[in-house]
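To start, the structure under review is shown below, and the notes come after it.
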Amino acid sequence: MKKKDIKEKGTSKSLEKEYFRPASLPKMAQVRPRKMLMKSLRHVIMKRRNLEGEKRRRFCWGQMRSIRQDLVVQGLGGRFAALCYALHFMMCVEDGDVAGLKVCLAKLKGLPGHGRSPDIIACRIILLAFTGTVFDIDAELVTCSRKTLKHPSLRHALSVLRAVTTKSLSSLIALFPSSPILSRKLLRLFTPSFLESSYGSLLQSYRPTLPVDYLSSLLCDLRIPSSLDDFLEKMQSVKTLDNQAIDTKSSYQGYLKVIQKRNT
């Protein structure tokens with residue numbers, strides 16, 4: 001891709017444009033200029049309000065990718081590009097699109113403004129706490145200044161990191177009330193899988209039975225929408241005859257089968 005091509009400006013006036021992977025650099029007549037991209041961004045935000053579920057997710061994912069593509073083709077970066085990725089990230093969080101939010105957070109890291117805001121950095125740390133490695137987390141933290149690390153959002157994210165690392169359900173539950181709005185939405189995406197991964201330790205800690213009421217309160221405190229019966233069925237757990245507790249020995253065997261099936 002030549003430098004002079006990157007500096008060319010698009011001339012398209014389309015509010016919506018389907019995303020596609022071009023085999024070569026697209027014609028400028030098919031690319032929207034910066035002012036048109038700003039209008040398209042507002043259009044996506046407004047139209048999103050009238051859509052629901054998978055239809056909303058697919059529409060926003062396609063339109064936001066096409067906006068980002070037009071930015072790249074014209075070499076447009078800076079704060080406007082950061083705003084586009086930040087808004088797309090927030091959409092992905094609300095829609096439960098983990099793959100999409102990972103892409104957006106990765107791109108935001110190299111952009112100014114929104115890309116380096118404490119709230120976005122905090123979300124990146126929370127994401128890495130659930131899905132990353134120690135190396136990834138260290139690489140993220142080393143780029144933060146002392147001032148940034150003292151920001152409330154970062155302090156909360158580091159507390160989440162400690163809770164996840166130690167598999168402490170009680171610590172994670174205690175962090176929900178003080179969660180910044182964006183971090184709280186992100187947490188809700190990962191708490192179901194976190195509870196499932198910690199469930200084995202929970203079963204081993206309570207012998208011979210685990211009170212049903214306690215597990216039900218965990219689901220509530222962790223803001224997990226699934227019902228207790230759905231969770232128990234998913235984890236192949238067995239209740240006692242009076243339905244007031246969970247037989248932890250039998251349920252742990254079911255848990256191991258679930259984990260083994262996932263790993264194959």
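Chain labels follow the order of the structure tokens: the first chain is A, the next B, and so on; residue numbering restarts at 1 in every chain, and ligands are counted from 1 in their shown order.
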(request) For Lys27 of chain A, please output as a PyMOL selection string all residues within 10 Å (counting only C-alpha atoms; exclusion window: fewer than 3 positions along the same chain). (result) chain A and resi 8+10-12+24+30-31+73
(message) According to DSSP computed on the backbone, where in segment 12-238 of chain A is there alpha helix (DSSP H)? Give the residues as number ranges by chain.
(response) A: 34-48, 53-73, 78-95, 98-108, 118-131, 134-141, 146-149, 152-165, 169-175, 181-205, 212-221, 228-234
(request) For Ser183 of chain A, work out the shell of residues within 12 Å, counting only C-alpha atoms and skipping chain neighbours fewer than 3 positions away, then give it as an MDAnalysis selection string. (result) chainID A and resid 89:90 93:94 118:127 152:160 175:180 186:190
(request) Identify which of the residues A:Thr133, A:Thr191, A:Val142, A:Cys92 lies closest to Gly53 of chain A, counting only C-alpha atoms when measuring atom-to-atom distances. (result) A:Cys92
(request) Among the residues of segment 33-263 of chain A, find those DSSP assigns to strand (DSSP E) from the backbone and print them as a ChimeraX atom specification. (result) /A:209-211,245-247
Would you export the selected residues with N, CA and C atoms as a short mmCIF file (atom, residue, chain, number, x, y, z; two decimals), in the first residue's frame, please?
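selection_26.cif was written with the following content:
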data_model
loop_
_atom_site.label_atom_id
_atom_site.label_comp_id
_atom_site.auth_asym_id
_atom_site.auth_seq_id
_atom_site.Cartn_x
_atom_site.Cartn_y
_atom_site.Cartn_z
N THR A 209 -22.49 -32.16 51.84
CA THR A 209 -23.51 -31.47 51.04
C THR A 209 -23.23 -29.96 50.98
N LEU A 210 -23.75 -29.36 49.91
CA LEU A 210 -23.69 -27.90 49.73
C LEU A 210 -25.11 -27.37 49.74
N PRO A 211 -25.46 -26.47 50.67
CA PRO A 211 -26.83 -25.95 50.75
C PRO A 211 -27.28 -25.30 49.44
N ALA A 245 -30.25 -29.57 49.47
CA ALA A 245 -28.79 -29.49 49.38
C ALA A 245 -28.31 -30.25 48.15
N ILE A 246 -27.02 -30.10 47.86
CA ILE A 246 -26.40 -30.76 46.72
C ILE A 246 -25.43 -31.82 47.25
N ASP A 247 -25.55 -33.01 46.74
CA ASP A 247 -24.64 -34.10 47.10
C ASP A 247 -23.29 -33.80 46.44
#
